[in-house]
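Participant: Before we start, here is the structure in question, set down as structure tokens.
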Amino acid sequence: MRSAGLIDLQVNGFAGIDFNSGAITAAELDHALEAMLATGVTACLPTIITAHPHELEERFLALDSAVSESRLGPLMCPGYHLEGPFLNPAEGYHGCHPPAAMTAAGIGLVDRLQALISRPILLVTLAPEVEGAMALIAALKSSGRIIALGHTAVDFALAEAAAQAGATLSTHLGNGMPQQAHKLNNAIFAQLAEDGLWASFIADGIHIPPKALKALLRAKGLERAILVTDAISAAASQPGRYPFAGMSVELGPDGAVRQPGGVGLAGSALSLDQGVRNLVAWGLATPDMAIALASGHPLALLGPALKAFGITLDLGEVDWSDRLAVSRVRLGEVERRFAA
């Protein structure tokens with residue numbers, strides 16, 4: 001089987017490399033991107049999470065420099081995903097993001113970060129209940145960017161208002177929420193019910209149990225679903241401790257990533273091709289549809305932003321074995337073959 005390459009809209013690091021380190025080099029980025037090519041990913045949005053403004057500046061500067069100076073960055077990284085700091089700091093909603101760095105929403109910080117870097121911030125995840133968030137959604141939409149809801153306690157009315165203002169995605173739906181919430185009037189149902197929102201899911205069997213993912217996909221509809229990894233430096237790596245945005249996190253033998261001694265998850269160690277295989281193995285999608293959730297669907301979501309910033313994205317092509325293992329990837333003049 002042959003398809004276009006995969007797109008990961010939310011990747012914080014990979015193969016031992018932390019995109020949020022503030023000191024990432026071109027060689028380190030190429031190491032991570034080579035490992036991502038082996039999983040069929042030919043385009044991604046390196047993701048910077050919540051931090052204080054000076055830390056965000058440092059991290060974006062280092063990341064953008066690494067992308068520009070690397071071999072694969074200009075081919076694979078059309079822009080970036082800013083996840084925070086305009087998120088809900090309440091317990092359960094903030095996840096592993098530092099709540100002390102969360103702030104009222106405003107276009108000023110986005111503009112300030114954008115002025116430092118050469119590639120656009122294409123996607124911003126925010127919580128619409130945060131002060132200033134609705135005005136920021138309108139400003140981001142006007143600038144051509146994609147707006148996502150995440151780490152939010154949004155209700156039905158606010159989800160509808162955010163979508164009408166310009167939000168088009170739910171970031172890792174089913175996660176970034178406390179363990180206990182109202183049985184029906186909660187942020188998951190509010191976003192599922194909003195037809196104007198795509199929904200991204202982490203299909204590792206850890207963030208969302210397979211049967212729960214089945215229900216979520218049925219409610220949102222496969223045609224509006226997207227696979228992401230939310231991968232950190234522990235992805236494509238052995239169990240142990242890894243750096244993530246100034247934190248130390250631990251990849252356990254069960255594949256879950258947590259802060260040492262913590263209960264909540266801190267990103268994932270998932271690769272996008274494994275997410276595709278999981279959907280098929282769990283009987284949730286055909287191979288063609290599972291690949292679409294990781295390729296054509298994120299491309300459709302990003303389309304307006306790519307057009308607004310004058311970006312033409314070449315996804316190349318991926319050859320898949322009968323077991324949905326990646327056997328070959330071509331991207332421009334770059335070609336890699338793998339034992340499948």
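Here's how to read the names in the structure tokens: chain A, B, ... by the order shown, residue numbers from 1 in each chain, ligand numbers from 1 in the order shown.
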So that I can check the surroundings of Gly316 (chain A), please list as a short mmCIF file (atom, residue, chain, number, x, y, z; two decimals) with N, CA, C and O atoms, in the first residue's frame every protein, DNA and RNA residue that reaches within 12 Å of it, counting only C-alpha atoms and ignoring chain neighbours fewer than 5 positions away.
Facilitator:
data_model
loop_
_atom_site.label_atom_id
_atom_site.label_comp_id
_atom_site.auth_asym_id
_atom_site.auth_seq_id
_atom_site.Cartn_x
_atom_site.Cartn_y
_atom_site.Cartn_z
N ARG A 2 0.47 2.25 -0.75
CA ARG A 2 1.22 3.51 -0.79
C ARG A 2 0.28 4.65 -0.41
O ARG A 2 -0.88 4.67 -0.80
N SER A 3 0.81 5.60 0.35
CA SER A 3 0.03 6.76 0.76
C SER A 3 0.92 7.98 0.79
O SER A 3 2.15 7.88 0.66
N ALA A 4 0.31 9.13 0.96
CA ALA A 4 1.08 10.33 1.27
C ALA A 4 1.68 10.17 2.67
O ALA A 4 1.24 9.34 3.47
N GLY A 5 2.70 10.96 2.96
CA GLY A 5 3.31 10.91 4.28
C GLY A 5 2.36 11.37 5.38
O GLY A 5 1.32 11.99 5.12
N LEU A 6 2.72 11.06 6.61
CA LEU A 6 1.91 11.41 7.76
C LEU A 6 2.30 12.79 8.29
O LEU A 6 3.44 13.24 8.11
N ILE A 7 1.35 13.44 8.95
CA ILE A 7 1.58 14.76 9.56
C ILE A 7 1.28 14.67 11.05
O ILE A 7 0.17 14.29 11.44
N LEU A 37 10.93 10.03 10.31
CA LEU A 37 10.77 9.52 8.95
C LEU A 37 10.55 8.02 8.96
O LEU A 37 9.76 7.49 8.17
N GLY A 40 7.04 7.06 9.15
CA GLY A 40 6.15 7.52 8.09
C GLY A 40 5.78 8.98 8.17
O GLY A 40 5.05 9.48 7.31
N VAL A 41 6.28 9.70 9.18
CA VAL A 41 5.98 11.13 9.32
C VAL A 41 6.89 11.92 8.40
O VAL A 41 8.12 11.84 8.51
N THR A 42 6.30 12.70 7.50
CA THR A 42 7.08 13.55 6.60
C THR A 42 6.86 15.03 6.88
O THR A 42 7.52 15.87 6.27
N ALA A 43 5.93 15.36 7.77
CA ALA A 43 5.72 16.75 8.17
C ALA A 43 5.23 16.77 9.61
O ALA A 43 4.50 15.87 10.04
N LEU A 75 12.40 20.71 5.17
CA LEU A 75 11.49 19.83 4.44
C LEU A 75 10.29 19.42 5.28
O LEU A 75 9.19 19.26 4.75
N MET A 76 10.50 19.22 6.57
CA MET A 76 9.50 18.57 7.41
C MET A 76 8.77 19.47 8.38
O MET A 76 7.73 19.07 8.93
N SER A 295 -2.92 11.73 8.00
CA SER A 295 -2.32 12.35 6.81
C SER A 295 -3.28 13.36 6.17
O SER A 295 -3.10 14.56 6.32
N ARG A 328 9.17 2.12 3.17
CA ARG A 328 9.90 3.12 2.36
C ARG A 328 9.24 4.48 2.55
O ARG A 328 8.02 4.59 2.62
N VAL A 329 10.08 5.51 2.61
CA VAL A 329 9.61 6.89 2.67
C VAL A 329 10.39 7.71 1.66
O VAL A 329 11.62 7.60 1.57
N ARG A 330 9.66 8.50 0.89
CA ARG A 330 10.31 9.45 -0.02
C ARG A 330 9.76 10.84 0.26
O ARG A 330 8.57 11.05 0.36
N LEU A 331 10.68 11.79 0.40
CA LEU A 331 10.32 13.18 0.61
C LEU A 331 11.29 14.04 -0.18
O LEU A 331 12.47 14.16 0.20
N GLY A 332 10.83 14.60 -1.29
CA GLY A 332 11.74 15.33 -2.15
C GLY A 332 12.82 14.39 -2.66
O GLY A 332 12.53 13.31 -3.18
N GLU A 333 14.06 14.77 -2.47
CA GLU A 333 15.18 13.93 -2.89
C GLU A 333 15.63 12.96 -1.80
O GLU A 333 16.55 12.17 -2.01
N VAL A 334 14.97 13.03 -0.67
CA VAL A 334 15.30 12.13 0.45
C VAL A 334 14.50 10.85 0.33
O VAL A 334 13.27 10.88 0.17
N GLU A 335 15.16 9.72 0.37
CA GLU A 335 14.47 8.43 0.33
C GLU A 335 15.11 7.51 1.37
O GLU A 335 16.34 7.43 1.48
N ARG A 336 14.26 6.84 2.12
CA ARG A 336 14.72 5.91 3.14
C ARG A 336 13.94 4.60 2.99
O ARG A 336 12.73 4.60 2.74
#
Participant: Which polymer residues have any atom within 7 Å of an atom of Pro46 (chain A), counting only C-alpha atoms, with same-chain residues fewer than 5 positions away left out, as number ranges by chain?
Facilitator: A: 10-12, 19, 80-81
Participant: Just the residues within 12 Å of Gln180 (chain A), please, counting only C-alpha atoms, with nothing from its chain fewer than 4 positions along; format it as a PyMOL selection string.
Facilitator: chain A and resi 91-93+153+176+184-188
Participant: Please, could you write that set of residues out with N, CA, C and O atoms as a short mmCIF file (atom, residue, chain, number, x, y, z; two decimals), in the first residue's frame?
Facilitator:
data_model
loop_
_atom_site.label_atom_id
_atom_site.label_comp_id
_atom_site.auth_asym_id
_atom_site.auth_seq_id
_atom_site.Cartn_x
_atom_site.Cartn_y
_atom_site.Cartn_z
N GLU A 91 -6.47 22.49 38.87
CA GLU A 91 -5.99 21.12 39.05
C GLU A 91 -6.71 20.17 38.08
O GLU A 91 -7.93 20.22 37.94
N GLY A 92 -5.95 19.33 37.44
CA GLY A 92 -6.52 18.39 36.48
C GLY A 92 -6.50 18.91 35.07
O GLY A 92 -6.19 18.18 34.13
N TYR A 93 -6.84 20.18 34.90
CA TYR A 93 -6.88 20.75 33.56
C TYR A 93 -5.49 21.10 33.03
O TYR A 93 -5.23 21.01 31.84
N ALA A 153 -11.98 23.79 30.55
CA ALA A 153 -13.23 23.39 31.19
C ALA A 153 -14.42 23.92 30.41
O ALA A 153 -15.48 24.17 30.97
N GLY A 176 -6.14 16.17 29.34
CA GLY A 176 -6.07 17.53 29.85
C GLY A 176 -7.32 17.89 30.63
O GLY A 176 -7.80 19.03 30.57
N LEU A 184 -22.41 14.70 32.24
CA LEU A 184 -22.79 15.06 30.87
C LEU A 184 -22.34 16.46 30.47
O LEU A 184 -21.87 16.66 29.35
N ASN A 185 -22.49 17.42 31.38
CA ASN A 185 -22.12 18.80 31.05
C ASN A 185 -20.63 18.99 31.35
O ASN A 185 -20.24 19.59 32.35
N ASN A 186 -19.79 18.45 30.47
CA ASN A 186 -18.35 18.56 30.67
C ASN A 186 -17.67 18.91 29.35
O ASN A 186 -18.29 18.95 28.29
N ALA A 187 -16.37 19.18 29.41
CA ALA A 187 -15.63 19.68 28.25
C ALA A 187 -15.55 18.66 27.12
O ALA A 187 -15.46 19.04 25.94
N ILE A 188 -15.57 17.38 27.44
CA ILE A 188 -15.50 16.37 26.38
C ILE A 188 -16.79 16.38 25.57
O ILE A 188 -16.76 16.47 24.33
#
Participant: Leaving out Phe189 (chain A) and any residue of its chain fewer than 4 positions from it, which residues lie within 12 Å of it when counting only C-alpha atoms, given as a VMD selection string?
Facilitator: chain A and resid 153 to 157 159 to 160 170 173 to 174 181 to 185 193 to 195 199 215 to 216 219 to 220
Participant: Any idea what's packed within 7 Å of Arg59 (chain A), counting only C-alpha atoms, ignoring anything in its chain fewer than 3 positions away? Could you give it as a ChimeraX atom specification?
Facilitator: /A:20-22,55-56,62-63
Participant: Any chance you can output those residues with N, CA and C atoms as a PDB file, in the first residue's frame?
Facilitator:
ATOM      1  N   ASN A  20      11.692  21.297  23.416  1.00  0.00           N
ATOM      2  CA  ASN A  20      11.458  22.380  24.366  1.00  0.00           C
ATOM      3  C   ASN A  20      12.680  22.692  25.231  1.00  0.00           C
ATOM      4  N   SER A  21      13.832  22.209  24.856  1.00  0.00           N
ATOM      5  CA  SER A  21      14.998  22.350  25.728  1.00  0.00           C
ATOM      6  C   SER A  21      15.538  23.769  25.798  1.00  0.00           C
ATOM      7  N   GLY A  22      15.312  24.571  24.757  1.00  0.00           N
ATOM      8  CA  GLY A  22      15.907  25.893  24.700  1.00  0.00           C
ATOM      9  C   GLY A  22      17.342  25.880  24.232  1.00  0.00           C
ATOM     10  N   GLU A  55      11.170  32.170  28.760  1.00  0.00           N
ATOM     11  CA  GLU A  55      11.474  30.780  28.409  1.00  0.00           C
ATOM     12  C   GLU A  55      10.919  30.429  27.033  1.00  0.00           C
ATOM     13  N   LEU A  56       9.736  30.914  26.731  1.00  0.00           N
ATOM     14  CA  LEU A  56       9.159  30.698  25.405  1.00  0.00           C
ATOM     15  C   LEU A  56      10.045  31.318  24.328  1.00  0.00           C
ATOM     16  N   ALA A  62      15.807  28.829  19.785  1.00  0.00           N
ATOM     17  CA  ALA A  62      16.665  27.662  19.588  1.00  0.00           C
ATOM     18  C   ALA A  62      16.042  26.703  18.584  1.00  0.00           C
ATOM     19  N   LEU A  63      14.751  26.461  18.713  1.00  0.00           N
ATOM     20  CA  LEU A  63      14.072  25.531  17.814  1.00  0.00           C
ATOM     21  C   LEU A  63      14.094  26.038  16.382  1.00  0.00           C
TER      22      LEU A  63
END
Participant: Running DSSP on the backbone, which parts of region 132-282 of chain A land in strand (DSSP E), as JSON, numbers by chain?
Facilitator: {"A": [146, 147, 148, 149, 167, 168, 169, 170, 198, 199, 200, 201, 202, 225, 226, 227, 228, 240, 241, 242, 243, 244, 247, 248, 249, 250, 251, 256, 257, 258, 265, 266, 267, 268]}
Participant: Would you write out those residues with N, CA and C atoms, as a short mmCIF file (atom, residue, chain, number, x, y, z; two decimals), in the first residue's frame?
Facilitator:
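This is the output file result_0.cif:
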data_model
loop_
_atom_site.label_atom_id
_atom_site.label_comp_id
_atom_site.auth_asym_id
_atom_site.auth_seq_id
_atom_site.Cartn_x
_atom_site.Cartn_y
_atom_site.Cartn_z
N ILE A 146 -4.48 28.51 12.87
CA ILE A 146 -5.45 27.52 13.34
C ILE A 146 -5.55 27.63 14.85
N ILE A 147 -6.77 27.63 15.38
CA ILE A 147 -6.98 27.73 16.82
C ILE A 147 -7.59 26.43 17.32
N ALA A 148 -7.00 25.90 18.40
CA ALA A 148 -7.49 24.67 19.00
C ALA A 148 -7.86 24.91 20.46
N LEU A 149 -8.82 24.13 20.94
CA LEU A 149 -9.21 24.15 22.35
C LEU A 149 -8.53 22.99 23.06
N ALA A 167 -12.28 28.91 16.20
CA ALA A 167 -11.59 27.67 16.60
C ALA A 167 -12.08 26.51 15.73
N THR A 168 -11.17 25.62 15.36
CA THR A 168 -11.53 24.51 14.47
C THR A 168 -11.02 23.15 14.94
N LEU A 169 -10.43 23.07 16.13
CA LEU A 169 -9.83 21.80 16.56
C LEU A 169 -9.94 21.66 18.07
N SER A 170 -10.08 20.40 18.52
CA SER A 170 -9.90 20.05 19.92
C SER A 170 -8.57 19.31 20.05
N TRP A 198 -12.80 19.88 14.53
CA TRP A 198 -12.13 18.60 14.39
C TRP A 198 -11.70 18.17 15.79
N ALA A 199 -11.34 16.90 15.96
CA ALA A 199 -10.81 16.44 17.25
C ALA A 199 -9.58 15.58 17.01
N SER A 200 -8.52 15.88 17.75
CA SER A 200 -7.32 15.04 17.67
C SER A 200 -7.30 14.10 18.87
N PHE A 201 -6.76 12.91 18.64
CA PHE A 201 -6.75 11.85 19.65
C PHE A 201 -5.36 11.20 19.72
N ILE A 202 -4.97 10.81 20.93
CA ILE A 202 -3.72 10.07 21.15
C ILE A 202 -4.09 8.60 21.26
N ALA A 225 -11.95 13.42 12.61
CA ALA A 225 -10.97 12.98 13.59
C ALA A 225 -9.56 13.01 13.02
N ILE A 226 -8.59 13.24 13.90
CA ILE A 226 -7.18 13.34 13.54
C ILE A 226 -6.36 12.59 14.59
N LEU A 227 -5.34 11.88 14.16
CA LEU A 227 -4.41 11.24 15.08
C LEU A 227 -3.21 12.14 15.32
N VAL A 228 -2.82 12.27 16.59
CA VAL A 228 -1.58 12.95 16.97
C VAL A 228 -0.84 12.05 17.95
N GLY A 240 13.02 4.76 30.86
CA GLY A 240 14.01 5.52 31.62
C GLY A 240 13.56 6.95 31.77
N ARG A 241 14.47 7.80 32.24
CA ARG A 241 14.15 9.21 32.47
C ARG A 241 14.61 10.06 31.29
N TYR A 242 13.78 11.06 30.97
CA TYR A 242 14.05 11.92 29.82
C TYR A 242 13.69 13.36 30.16
N PRO A 243 14.34 14.32 29.49
CA PRO A 243 14.01 15.73 29.71
C PRO A 243 12.80 16.15 28.90
N PHE A 244 11.99 17.03 29.48
CA PHE A 244 10.84 17.59 28.77
C PHE A 244 10.53 18.96 29.34
N MET A 247 11.47 19.75 32.78
CA MET A 247 11.07 18.72 33.73
C MET A 247 11.87 17.44 33.47
N SER A 248 11.86 16.56 34.44
CA SER A 248 12.34 15.20 34.24
C SER A 248 11.12 14.30 34.24
N VAL A 249 10.97 13.51 33.18
CA VAL A 249 9.83 12.60 33.09
C VAL A 249 10.35 11.18 32.90
N GLU A 250 9.49 10.22 33.17
CA GLU A 250 9.93 8.83 33.15
C GLU A 250 9.03 7.99 32.26
N LEU A 251 9.65 7.28 31.33
CA LEU A 251 8.95 6.33 30.48
C LEU A 251 9.00 4.98 31.17
N ALA A 256 3.79 4.27 29.37
CA ALA A 256 3.27 5.55 29.85
C ALA A 256 4.41 6.47 30.27
N VAL A 257 4.24 7.77 30.04
CA VAL A 257 5.23 8.77 30.45
C VAL A 257 4.62 9.60 31.57
N ARG A 258 5.32 9.65 32.70
CA ARG A 258 4.84 10.42 33.85
C ARG A 258 6.01 11.15 34.50
N LEU A 265 -0.31 11.79 33.25
CA LEU A 265 0.56 11.56 32.11
C LEU A 265 1.26 12.86 31.71
N ALA A 266 2.45 12.72 31.12
CA ALA A 266 3.25 13.87 30.68
C ALA A 266 3.66 13.64 29.23
N GLY A 267 2.71 13.85 28.32
CA GLY A 267 2.98 13.54 26.93
C GLY A 267 2.96 12.04 26.70
N SER A 268 3.49 11.61 25.56
CA SER A 268 3.44 10.19 25.24
C SER A 268 4.75 9.73 24.62
#
Participant: With a distance cut-off of 9 Å and only C-alpha atoms, select the neighbouring residues of Leu136 (chain A), excluding the residue or stretch itself and same-chain residues fewer than 5 positions from it, and output the selection as an mmCIF file with N, CA and C atoms, in the first residue's frame.
Facilitator:
data_model
loop_
_atom_site.group_PDB
_atom_site.id
_atom_site.type_symbol
_atom_site.label_atom_id
_atom_site.label_comp_id
_atom_site.auth_asym_id
_atom_site.auth_seq_id
_atom_site.Cartn_x
_atom_site.Cartn_y
_atom_site.Cartn_z
ATOM 1 N N ALA A 105 -5.003 35.594 28.049
ATOM 2 C CA ALA A 105 -4.700 35.465 26.629
ATOM 3 C C ALA A 105 -4.564 36.832 25.973
ATOM 4 N N GLY A 106 -3.652 36.899 25.005
ATOM 5 C CA GLY A 106 -3.482 38.133 24.249
ATOM 6 C C GLY A 106 -2.608 37.901 23.039
ATOM 7 N N ILE A 107 -2.894 38.587 21.955
ATOM 8 C CA ILE A 107 -2.136 38.405 20.722
ATOM 9 C C ILE A 107 -0.720 38.949 20.852
ATOM 10 N N LYS A 141 -7.463 34.002 14.162
ATOM 11 C CA LYS A 141 -8.160 33.681 12.916
ATOM 12 C C LYS A 141 -7.854 34.729 11.850
#
Participant: Mind running region 280-326 of chain A against region 116-124 of chain A at 10 Å and telling me each contacting residue's nearest atom pair with the distance in Å (one decimal), counting only C-alpha atoms, chain and number ascending, as a tab-separated table?
Facilitator:
residue	atom	partner	partner_atom	distance
A:Leu302	CA	A:Leu122	CA	7.9
A:Pro304	CA	A:Leu122	CA	9.8
A:Ala305	CA	A:Leu122	CA	6.2
A:Leu306	CA	A:Leu122	CA	7.8
A:Ala308	CA	A:Leu122	CA	9.7
A:Phe309	CA	A:Pro120	CA	7.6
A:Ile311	CA	A:Pro120	CA	9.9
Participant: Mind pulling up the distance from CA of Asn175 (chain A) to CA of Met36 (chain A)?
Facilitator: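 CA of Asn175 (chain A) lies at a distance of 23.6 Å from CA of Met36 (chain A).
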Participant: What separation in Å, quoted to one decimal, exists between CA of Met177 (chain A) and CA of Pro239 (chain A)?
Facilitator: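 Separating CA of Met177 (chain A) from CA of Pro239 (chain A) is a distance of 25.7 Å.
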Participant: I'd like to know which of A:His52, A:Thr312, A:Val263, A:Ala281 is closest to Gln179 (chain A), using only C-alpha atoms.
Facilitator: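 Smallest distance to Gln179 (chain A) is found for A:Val263.
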Participant: I'd like the interatomic distance between CA of Ala340 (chain A) and CA of Ala234 (chain A), to a tenth of an Å.
Facilitator: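 Here the two named atoms are 22.6 Å from each other.
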Participant: Considering only C-alpha atoms, return as a list of chain:residue names whatever protein or nucleic-acid residues lie within 10 Å of region 274-278 of chain A, sequence-local ones (same chain, fewer than 6 positions apart) excluded.
Facilitator: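 The residues satisfying every condition are A:Leu6, A:Thr39, A:Gly40, A:Phe201, A:Ile202, A:Ala203, A:Asp204, A:Gly205, A:Pro210, A:Leu227, A:Val228, A:Thr229, A:Leu284, A:Ala285, A:Thr286, A:Pro287, A:Asp288, A:Met289, A:Ala290, A:Ile291, A:Ala292, A:Leu293, A:Ala294, A:Arg323, A:Leu324, A:Ala325.
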Participant: Mind checking DSSP for region 90-331 of chain A and telling me the alpha helix (DSSP H) residues as a VMD selection string?
Facilitator: chain A and resid 107 to 114 133 to 142 156 to 165 187 to 192 210 to 220 272 to 281 287 to 293 296 to 308
